[in-house]
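Okay, structure first, notes after.
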Amino acid sequence: RRPSTMRNAAAASASNARKMAKINDGTTTGEVIIGPDLNPTRSKMDKKLYRHITLPNGLKCVLICDTVAMRQRKLDGYYESDSDDDDEESEDDAGEEDGNEGGSSEGEEEDDDDGLRKAATALLVNVGSYHDPPHLQGLAHFLEHMLFLGTETFPVENAYDSFLSQQGGDDNAYTEMEHTLYHYCVPQDGSAGEKNVWKALEMFAAFFKCPLLGGEQADRELNAVESEFELNKKDDDCRLSQLMSFTCGMDENAPIMGKEYETSNSTTKEEPFHPFAKFPWGNTNSLKTEPESKGVDVMKELRDFYHTHYYAQNMRLVVIAGYELDEIQRRVVQHFQDVPANPRIGSDPINTNNVERSGITNLHPYKLPFHPSSLTKLYRILPVRHHHTLTLTWQIPSLTPHWRTKPTDYLGHLLGHEASGSILSVLKERGWAMGLSAGTGEDGEGDASTHALFSLQISLSKRGMACWEDAVKVVFAYIGMLKFHFLEGHVVEKNGEKEEGLAPWIHDELKSIAELSYRYADEGDVTDIVEEVAENMAPWLNLPEERVLDGNALLFDNAVDNETAKSLLFDYFTPENMRVDLMSSLFGRDADFDDSAIPGEEEKKEDSEDDEGTIQPMDVSDVDDNSSNALLFDSEKAGPPSIEPRFGTKFWAEEIPKDMIQLWTDAAKPHLPPSELALDLPPKNPYIPSKFDLKPLPADDAAHPLLNCSVKVCIIVGRKKSWFPAAVTKYQTKKNSHRLSLSYEDEGEKWHVLDTPEAYSKFEGDQGTLEAGHEGSFDGGKVKFRVTAVPREGEGIVFSYGDADHDDDVEDGIAFPPIPPPAPATRLPLLIYDKHSFKLWHLQDRKFRRPLADLRIKVECEGMNDSALNQACMALFCKLCGDALTETCYLASVCELGSSLYPTDTGFSVRVHGFDQSILALAKKVLNVVMEFRGREGECDLPTTIKDGRFDACLEVQLRKYSNAGMDASSFSSSLRLLCLRPSVKSSFSKLKALKGITASKFVQVMNKLLKRLYVEAFFHGNVDRKDADEAASMISEALTHHHVGLPKKNLPTKLVIKTKHAIDHHQIIAPTIDLKDPNTAVEVYFQFAKDDNSSNAIQHRVLVDLLEHVMDEPLYNQIRTKEVFGYEVSCGARWTYGVLGMSFRVVTACKSAEAASSRIDDFLKSFRSELESMNNETFMEHLVGLAKNKLESFDSLEDETSSHWSEIIEGRYDFEAYRKEVLCLRSISKDQLIAAYDEWLHPLCKKGKPKKRRRMVVYVIGSGDGPASLGRPVMEKEQVVGDEIDCLVQQFHTSVKHESWGRVAFGSPELHRANTV
């Protein structure tokens, strides 16, 4: 599929939920069985209502009422009692709206701001790649693709995608090992009678009743599956995964997968191989060439697979919408009751690995996947990219029965922790490693109904590669220490007796953190919500029905499952039960071997590149000569590698010597490790939060249940009553009166005194919820009001007219969403500190009401544009500081207190976020390490915070990162475009060259110069008041130290954008893929439009660009990807580059030439002009409204809102309500304006039908396949360095346009919101 774009209920709500759902376990409502009540298990902050039902056909469903979205939608009928005033009300509303039309003048392109919320649906089918027939591997994935290509009810191929796209929705699907999940989202229905939510549900339901599954479509979609496989083929993680599957049954050198199996029509008695051994991706070979050579009718098998597995009892459905649970249930029954209850055909469980009719997977006869002959082996693997990764894998029994205690999470925490005393800490001390992770993972490969795989993965250095056996010994020494402490036991407080197991506080910490994380979890994106619940309902996962909300998130017992933990430690985490995968570019890389050689006689290419640019056989000359047990590897002596047949991964398998197995076994015996290893249990975590109170809001802008609500105010004018829409924007108490500020439709503000303020105490906190329809009065009864909409979590001010007949809200029967009034200055970031080139903005959270905060800091450095060396040193600086902070920041991250330090184009940024209690303490530690590099003029030594050996280790990682740049054709094409457009940004190739060979002293000199003069800007947002913000400002000022010298804005690093030439001919950038074996060709066609200076004209341009993307994206995808199968990745999107607007069209293909893809994009732009012109008004309005709803969509989390505001700050626009201004502009856009913009910017022909000038640039990254995709691939001479050639291409582009740029983009000057700044 299309590339995608990780509370206590109030008494009234709970009562209402029981009333609507009639929840009684085991009872029925008609023929629908009502399941367990899920509402008591939702998180503290969750206001949604849940209902678990089973349809008569056995389909189990979770229905979710988005209560706030429901209140917003239910606006009709509130004013029926005032029917005598209806006409006057409608006329007044229409007149006011007419007077406000076109009142917008400014805005920005961000579209993820607060307002509306979407509905979403997910359906899980309890069948996945493990159920593929042995002779049709990838069939489950192929079927997933086919379901999107039309149904008997809606036979037009792209009807479903087109409908969702027009409404502003989206859809996708994915195939896992034991289930397949389909999902979509669509904006909620408005108040004008739209039923798009139910239309989408009807179209979706047809997937599971009557898909077309046509033969002609299958040939095309199979090519898409092949293209998807080709995109994944160069992913080293995917290659390792498939290699493990291929070798899991190794008997000497004969993998089980190599055996011949007959088709499903055979009567073979041979037991099929373990499902883990299959090839889940599928490609043309596994789904066409191989089966057809054996006489298999692939389409018949596909339909049989669908009819066997796609039935109601084998499905799980989740729907969230802004409707009552009864209405959602009625619609679900209506559309899904006809899904067959049982398989449509019989099946043979041996040959098809099907699913039993109970909906429970029948894979339980299979146990552990690895044959004993595949264990105690070392697999040396050639990667595609430069890296060194050691993976230790233990196979263990399935953990699905242990959902209450999650023992592998517990052991993963111990083995994978990064604080002092950890495995990682010891390995880093020796210079052997950069990172480590441990656990089973969340995908079906790591944890399945048949087995689980517990992996410990170490990112090694070169030095670590020579000592990998010793690294494994450290791991087993840690396991031996855990066994020792386990047997030593601990004293039980209740009776004073000792019992086996580790100290209880370790489990108590994990349980406490899990509960806090769940309690204060973000609301999340609606698609994520339905996906997560649906996955938790998967039968193979074994969660009880009453625990589908919290079963995966919490620890339910008060102690560790010691029996299981002991069994894992003593019986399974052993050398005899382990496989070792060592993937390293020191063995060579995949591109270094000639695939044209005869299988089994491949030859390694000469003069190929090494880990930092020149690949050579393993070089250990620079590692510690005293490192013991270094297993050197000579690929020439080892002979030709084996080849995994699907991905072509090359590897050598060898038995691990018995004496080495014994050495590891001895290390794993229960005993304390030698003192020189310094291994220990994790320290007690100082970052576990204990304070969760919300900071009080300022008295002059306090909280109130009516705040941010939309109301209609009844005012007597003469002898008539007139209703005016307004929004409550502010609340304060003054002289014993309770005052509310109302913003009216004309954006006028007026204060009113609230009558009976004590009546609202029942709506505060968790006591109750204010509902739409609530009535009250102002000003001693003179003014009456009714609530028409209540903000949901994440929303700011909401605004609605309270009726469905407002003239400007309904055009051609399609409602334009109401636009909220401007927020008061106190609801937007306030500038509270502005001194010495340091600014700090502050915003206290009012929307999410959680004890969370987010601190972001941007540091701009003088001289960042000067050289590639400066930019490379900045990246290395961030790597070094992050490495030095690992032990501290890891402990914080376990407690949901995250931190990051990363380089930017102009300097670096720091972020600390999570529970607010310790956020400033952690930020101070981060900044102290960072600022240790300042004021070191004349010094050559690194700060004492950087431990010995870490400079070389971090340098190695940074060089490796640069050497891997451009390995993906798609991302490489985008990088080339940006290098051409942004002359100040240096390429990874030039950074690699500049950084190679740098010494620590030279690095210190460069950083001292870069950090000498700084400009700092920060934003503190969340459960933090003005006192906290002042403390943050003081902390940052102190961290800057007395060395701080401000950097004036005029001296900040420039952000210029090259102006592409305005001509008929376009500039072409043609480069080869960096990976010599990458068959994918990426084509990116970029059009440059105009400078976005935040003026009213720029707002209109920005909106038109977004609307063009909204209108074109689906037709482009349907035509070029689905119908013509150019490649798996086909897309278009708006581009905003340093304040310059543009649009990019991309095709990644392994079957078409770059020239063909580029021409096809231009041909599409020629033909689409007529589609625009013939588009009827209703369809145009659907696009207009869909885009408006997307722009008004509410934030899902504090992080989302912070990111939106932060983007305004770092770009210097400071237009924090740009989305609102864009929607105001969008409301006035006509189809003629859209066509005019299309003609000016994109259409290849002028009115006379001749080619016209456009600002167009085309980037080709041409692959090396055998077919048309490799046509035109540049041939580089042997001595040429590809990086130098790429940099030369960029320079040639700059020269061709005479280095002309758009100049500095000076944004309009929106009113800056300043508090009393320091």
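By order of appearance in the structure tokens: chains A, B, ..., then residues from 1 within every chain, and ligands from 1 in the order shown.
Around Glu230 in chain A, within 10 Å and counting only C-alpha atoms, the residues found are A:Ala224, A:Val225, A:Glu226, A:Ser227, A:Glu228, A:Asn232, A:Lys233, A:Lys234, A:Asp235, A:Asn283, A:Phe647, A:Asp1078, A:Pro1079, A:Asn1080, A:Gly1127, A:Tyr1128, A:Thr1149, A:Ala1150, once anything fewer than 2 positions away on its own chain is removed.
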**Request:** Please provide the set of residues having any atom within 9 Å of range 426-436 of chain A, restricted to only C-alpha atoms, with same-chain residues fewer than 5 positions apart removed, written as a VMD selection string.
**Result:** chain A and resid 416 to 418 420 to 421 456 to 468 471 474 677 to 679 883 947 to 950 952 to 954 957
**Atomic distance CA of Val333 in chain A - CA of Asn57 in chain A, expressed in Å with one decimal** = 9.8 Å
Fewer than 6 positions away in the same chain doesn't count, so skip those; otherwise give me all residues within 6 Å of range 147-159 of chain A, counting only C-alpha atoms, as a PDB file with all heavy atoms, in the first residue's frame.
ATOM      1  N   PHE A 207     -14.885  -4.977   1.759  1.00  0.00           N
ATOM      2  CA  PHE A 207     -13.625  -5.715   1.620  1.00  0.00           C
ATOM      3  C   PHE A 207     -13.779  -7.152   2.100  1.00  0.00           C
ATOM      4  O   PHE A 207     -13.173  -8.072   1.558  1.00  0.00           O
ATOM      5  CB  PHE A 207     -12.524  -5.068   2.481  1.00  0.00           C
ATOM      6  CG  PHE A 207     -11.897  -3.838   1.922  1.00  0.00           C
ATOM      7  CD1 PHE A 207     -12.580  -2.974   1.082  1.00  0.00           C
ATOM      8  CD2 PHE A 207     -10.596  -3.508   2.256  1.00  0.00           C
ATOM      9  CE1 PHE A 207     -11.989  -1.825   0.593  1.00  0.00           C
ATOM     10  CE2 PHE A 207      -9.988  -2.367   1.777  1.00  0.00           C
ATOM     11  CZ  PHE A 207     -10.689  -1.518   0.944  1.00  0.00           C
ATOM     12  N   CYS A 210     -17.251  -9.041  -0.264  1.00  0.00           N
ATOM     13  CA  CYS A 210     -17.314  -9.308  -1.707  1.00  0.00           C
ATOM     14  C   CYS A 210     -16.216  -8.589  -2.483  1.00  0.00           C
ATOM     15  O   CYS A 210     -16.508  -7.783  -3.372  1.00  0.00           O
ATOM     16  CB  CYS A 210     -18.691  -8.901  -2.238  1.00  0.00           C
ATOM     17  SG  CYS A 210     -19.166  -7.198  -1.806  1.00  0.00           S
ATOM     18  N   PRO A 211     -14.943  -8.838  -2.179  1.00  0.00           N
ATOM     19  CA  PRO A 211     -13.878  -8.215  -2.975  1.00  0.00           C
ATOM     20  C   PRO A 211     -13.845  -8.803  -4.371  1.00  0.00           C
ATOM     21  O   PRO A 211     -14.233  -9.955  -4.582  1.00  0.00           O
ATOM     22  CB  PRO A 211     -12.611  -8.561  -2.189  1.00  0.00           C
ATOM     23  CG  PRO A 211     -12.950  -9.848  -1.515  1.00  0.00           C
ATOM     24  CD  PRO A 211     -14.407  -9.743  -1.148  1.00  0.00           C
ATOM     25  N   LEU A 212     -13.374  -8.019  -5.340  1.00  0.00           N
ATOM     26  CA  LEU A 212     -13.339  -8.503  -6.721  1.00  0.00           C
ATOM     27  C   LEU A 212     -12.245  -9.554  -6.925  1.00  0.00           C
ATOM     28  O   LEU A 212     -12.460 -10.554  -7.596  1.00  0.00           O
ATOM     29  CB  LEU A 212     -13.103  -7.333  -7.679  1.00  0.00           C
ATOM     30  CG  LEU A 212     -14.251  -6.313  -7.781  1.00  0.00           C
ATOM     31  CD1 LEU A 212     -13.862  -5.186  -8.732  1.00  0.00           C
ATOM     32  CD2 LEU A 212     -15.544  -6.977  -8.235  1.00  0.00           C
TER      33      LEU A 212
END
**Prompt:** Within 12 Å of Cys238 in chain A, counting only C-alpha atoms, which residues qualify if same-chain residues fewer than 4 places away don't, as an MDAnalysis selection string?
**Reply:** chainID A and resid 229:234 242:245 279:281 383:384 445 646:649
**Request:** Find the spatial neighbours of Lys511 in chain A, counting only C-alpha atoms, within a cut-off of 9 Å - ignore same-chain residues fewer than 6 positions away - and output them as an MDAnalysis selection string.
**Result:** chainID A and resid 554:558
**Asked** Skipping near chain neighbours, those fewer than 2 positions away, what residues fall within 12 Å of Ala759 in chain A using only C-alpha atoms, listed as JSON, numbers by chain?
**Response** {"A": [704, 705, 706, 754, 755, 756, 757, 761, 762, 763, 764, 768, 770, 774, 775, 776, 777]}
Neighbours of range 1263-1275 of chain A within 10 Å (only C-alpha atoms; same-chain residues fewer than 2 positions away dropped), as a PDB file with N, CA, C and O atoms, in the first residue's frame?
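Listed below is the output, out_30.pdb:
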ATOM      1  N   ALA A 969      17.903   4.984  -2.466  1.00  0.00           N
ATOM      2  CA  ALA A 969      17.716   5.816  -3.659  1.00  0.00           C
ATOM      3  C   ALA A 969      16.690   6.917  -3.434  1.00  0.00           C
ATOM      4  O   ALA A 969      16.875   8.058  -3.860  1.00  0.00           O
ATOM      5  N   ILE A1070      21.702  14.128 -12.464  1.00  0.00           N
ATOM      6  CA  ILE A1070      21.698  12.680 -12.711  1.00  0.00           C
ATOM      7  C   ILE A1070      22.855  12.045 -11.960  1.00  0.00           C
ATOM      8  O   ILE A1070      24.017  12.401 -12.178  1.00  0.00           O
ATOM      9  N   ALA A1071      22.521  11.129 -11.065  1.00  0.00           N
ATOM     10  CA  ALA A1071      23.539  10.468 -10.253  1.00  0.00           C
ATOM     11  C   ALA A1071      23.243   8.980 -10.172  1.00  0.00           C
ATOM     12  O   ALA A1071      22.094   8.559 -10.292  1.00  0.00           O
ATOM     13  N   PRO A1072      24.258   8.166  -9.962  1.00  0.00           N
ATOM     14  CA  PRO A1072      24.025   6.732  -9.764  1.00  0.00           C
ATOM     15  C   PRO A1072      23.663   6.455  -8.313  1.00  0.00           C
ATOM     16  O   PRO A1072      23.968   7.253  -7.415  1.00  0.00           O
ATOM     17  N   THR A1073      22.998   5.346  -8.058  1.00  0.00           N
ATOM     18  CA  THR A1073      22.791   4.915  -6.680  1.00  0.00           C
ATOM     19  C   THR A1073      24.149   4.626  -6.056  1.00  0.00           C
ATOM     20  O   THR A1073      25.064   4.138  -6.709  1.00  0.00           O
ATOM     21  N   ILE A1074      24.277   4.949  -4.785  1.00  0.00           N
ATOM     22  CA  ILE A1074      25.540   4.706  -4.087  1.00  0.00           C
ATOM     23  C   ILE A1074      25.776   3.212  -3.936  1.00  0.00           C
ATOM     24  O   ILE A1074      26.906   2.726  -4.071  1.00  0.00           O
ATOM     25  N   ASP A1075      24.691   2.497  -3.636  1.00  0.00           N
ATOM     26  CA  ASP A1075      24.788   1.047  -3.557  1.00  0.00           C
ATOM     27  C   ASP A1075      24.835   0.488  -4.981  1.00  0.00           C
ATOM     28  O   ASP A1075      23.891   0.630  -5.757  1.00  0.00           O
ATOM     29  N   LEU A1076      25.928  -0.137  -5.310  1.00  0.00           N
ATOM     30  CA  LEU A1076      26.138  -0.606  -6.684  1.00  0.00           C
ATOM     31  C   LEU A1076      25.153  -1.696  -7.092  1.00  0.00           C
ATOM     32  O   LEU A1076      25.038  -2.007  -8.274  1.00  0.00           O
ATOM     33  N   LYS A1077      24.472  -2.292  -6.137  1.00  0.00           N
ATOM     34  CA  LYS A1077      23.520  -3.352  -6.461  1.00  0.00           C
ATOM     35  C   LYS A1077      22.074  -2.948  -6.242  1.00  0.00           C
ATOM     36  O   LYS A1077      21.181  -3.783  -6.288  1.00  0.00           O
ATOM     37  N   ASP A1078      21.831  -1.686  -5.987  1.00  0.00           N
ATOM     38  CA  ASP A1078      20.452  -1.233  -5.779  1.00  0.00           C
ATOM     39  C   ASP A1078      19.738  -1.136  -7.119  1.00  0.00           C
ATOM     40  O   ASP A1078      20.133  -0.342  -7.982  1.00  0.00           O
ATOM     41  N   PRO A1079      18.688  -1.929  -7.339  1.00  0.00           N
ATOM     42  CA  PRO A1079      18.001  -1.895  -8.635  1.00  0.00           C
ATOM     43  C   PRO A1079      16.995  -0.760  -8.748  1.00  0.00           C
ATOM     44  O   PRO A1079      16.428  -0.535  -9.823  1.00  0.00           O
ATOM     45  N   ASN A1080      16.757  -0.045  -7.653  1.00  0.00           N
ATOM     46  CA  ASN A1080      15.728   0.994  -7.647  1.00  0.00           C
ATOM     47  C   ASN A1080      16.245   2.300  -8.225  1.00  0.00           C
ATOM     48  O   ASN A1080      17.352   2.738  -7.909  1.00  0.00           O
ATOM     49  N   THR A1081      15.406   2.910  -9.037  1.00  0.00           N
ATOM     50  CA  THR A1081      15.690   4.237  -9.583  1.00  0.00           C
ATOM     51  C   THR A1081      14.678   5.217  -9.005  1.00  0.00           C
ATOM     52  O   THR A1081      13.470   4.959  -9.018  1.00  0.00           O
ATOM     53  N   ALA A1082      15.181   6.316  -8.476  1.00  0.00           N
ATOM     54  CA  ALA A1082      14.311   7.335  -7.880  1.00  0.00           C
ATOM     55  C   ALA A1082      14.305   8.578  -8.756  1.00  0.00           C
ATOM     56  O   ALA A1082      15.358   9.065  -9.172  1.00  0.00           O
ATOM     57  N   VAL A1148       9.574   5.995  -7.402  1.00  0.00           N
ATOM     58  CA  VAL A1148      10.685   5.069  -7.202  1.00  0.00           C
ATOM     59  C   VAL A1148      10.314   3.778  -7.919  1.00  0.00           C
ATOM     60  O   VAL A1148       9.269   3.185  -7.639  1.00  0.00           O
ATOM     61  N   THR A1149      11.148   3.368  -8.858  1.00  0.00           N
ATOM     62  CA  THR A1149      10.792   2.246  -9.714  1.00  0.00           C
ATOM     63  C   THR A1149      11.982   1.314  -9.925  1.00  0.00           C
ATOM     64  O   THR A1149      13.128   1.750  -9.926  1.00  0.00           O
ATOM     65  N   ALA A1150      11.672   0.038 -10.100  1.00  0.00           N
ATOM     66  CA  ALA A1150      12.696  -0.931 -10.468  1.00  0.00           C
ATOM     67  C   ALA A1150      12.403  -1.529 -11.840  1.00  0.00           C
ATOM     68  O   ALA A1150      13.074  -2.467 -12.258  1.00  0.00           O
ATOM     69  N   CYS A1151      11.393  -0.957 -12.537  1.00  0.00           N
ATOM     70  CA  CYS A1151      10.990  -1.537 -13.824  1.00  0.00           C
ATOM     71  C   CYS A1151      10.868  -0.515 -14.941  1.00  0.00           C
ATOM     72  O   CYS A1151      10.611  -0.876 -16.092  1.00  0.00           O
ATOM     73  N   LYS A1152      11.006   0.776 -14.633  1.00  0.00           N
ATOM     74  CA  LYS A1152      10.909   1.823 -15.658  1.00  0.00           C
ATOM     75  C   LYS A1152      12.166   2.683 -15.618  1.00  0.00           C
ATOM     76  O   LYS A1152      12.821   2.812 -14.582  1.00  0.00           O
ATOM     77  N   SER A1153      12.462   3.297 -16.743  1.00  0.00           N
ATOM     78  CA  SER A1153      13.626   4.176 -16.792  1.00  0.00           C
ATOM     79  C   SER A1153      13.308   5.504 -16.119  1.00  0.00           C
ATOM     80  O   SER A1153      12.141   5.883 -15.966  1.00  0.00           O
ATOM     81  N   ALA A1154      14.351   6.214 -15.717  1.00  0.00           N
ATOM     82  CA  ALA A1154      14.177   7.528 -15.105  1.00  0.00           C
ATOM     83  C   ALA A1154      13.494   8.485 -16.066  1.00  0.00           C
ATOM     84  O   ALA A1154      12.612   9.267 -15.687  1.00  0.00           O
ATOM     85  N   GLU A1155      13.893   8.436 -17.340  1.00  0.00           N
ATOM     86  CA  GLU A1155      13.296   9.317 -18.335  1.00  0.00           C
ATOM     87  C   GLU A1155      11.820   9.010 -18.504  1.00  0.00           C
ATOM     88  O   GLU A1155      10.988   9.925 -18.639  1.00  0.00           O
ATOM     89  N   ALA A1156      11.459   7.718 -18.483  1.00  0.00           N
ATOM     90  CA  ALA A1156      10.047   7.338 -18.621  1.00  0.00           C
ATOM     91  C   ALA A1156       9.237   7.833 -17.433  1.00  0.00           C
ATOM     92  O   ALA A1156       8.106   8.317 -17.592  1.00  0.00           O
ATOM     93  N   ALA A1157       9.790   7.728 -16.226  1.00  0.00           N
ATOM     94  CA  ALA A1157       9.072   8.185 -15.032  1.00  0.00           C
ATOM     95  C   ALA A1157       8.891   9.701 -15.049  1.00  0.00           C
ATOM     96  O   ALA A1157       7.812  10.220 -14.742  1.00  0.00           O
ATOM     97  N   TYR A1260      17.492  12.617 -10.920  1.00  0.00           N
ATOM     98  CA  TYR A1260      17.495  11.181 -11.199  1.00  0.00           C
ATOM     99  C   TYR A1260      18.569  10.518 -10.334  1.00  0.00           C
ATOM    100  O   TYR A1260      19.733  10.928 -10.364  1.00  0.00           O
ATOM    101  N   VAL A1261      18.183   9.499  -9.598  1.00  0.00           N
ATOM    102  CA  VAL A1261      19.151   8.608  -8.956  1.00  0.00           C
ATOM    103  C   VAL A1261      18.906   7.246  -9.585  1.00  0.00           C
ATOM    104  O   VAL A1261      17.894   6.596  -9.320  1.00  0.00           O
ATOM    105  N   GLU A1277      34.474   6.677 -13.696  1.00  0.00           N
ATOM    106  CA  GLU A1277      35.774   6.054 -13.894  1.00  0.00           C
ATOM    107  C   GLU A1277      36.265   5.471 -12.570  1.00  0.00           C
ATOM    108  O   GLU A1277      35.910   5.942 -11.501  1.00  0.00           O
ATOM    109  N   LYS A1278      37.093   4.474 -12.660  1.00  0.00           N
ATOM    110  CA  LYS A1278      37.481   3.700 -11.498  1.00  0.00           C
ATOM    111  C   LYS A1278      38.088   4.562 -10.408  1.00  0.00           C
ATOM    112  O   LYS A1278      37.833   4.373  -9.215  1.00  0.00           O
TER     113      LYS A1278
END
**Item:** Of the listed residues A:Val1045, A:Asp1287, A:Ile819, A:Lys925, that which approaches Lys835 in chain A most closely, counting only C-alpha atoms
**Value:** A:Val1045
**Request:** Pull the strand (DSSP E) assignments for range 288-531 of chain A out of DSSP run on the backbone, and list those residues as an NGL selection string.
**Result:** :A and (315-321 or 377-381 or 388-396 or 433-439 or 452-460 or 490-491 or 498-499)
Report as CSV: every residue of range 882-951 of chain A with an atom at most 10 Å from range 865-871 of chain A, its closest pair of atoms, and their distance in Å to one decimal, counting only C-alpha atoms, with rows sorted by chain and ascending residue number.
residue,atom,partner,partner_atom,distance
A:Pro903,CA,A:Gln871,CA,8.3
A:Thr904,CA,A:Gln871,CA,8.7
A:Asp905,CA,A:Gln871,CA,7.7
A:Thr906,CA,A:Asn865,CA,7.4
A:Gly907,CA,A:Gln871,CA,8.1
**Asked** When you draw a straight line from CA of Ala1237 in chain A to CA of Glu1208 in chain A, how long is it in Å?
**Response** 26.0 Å
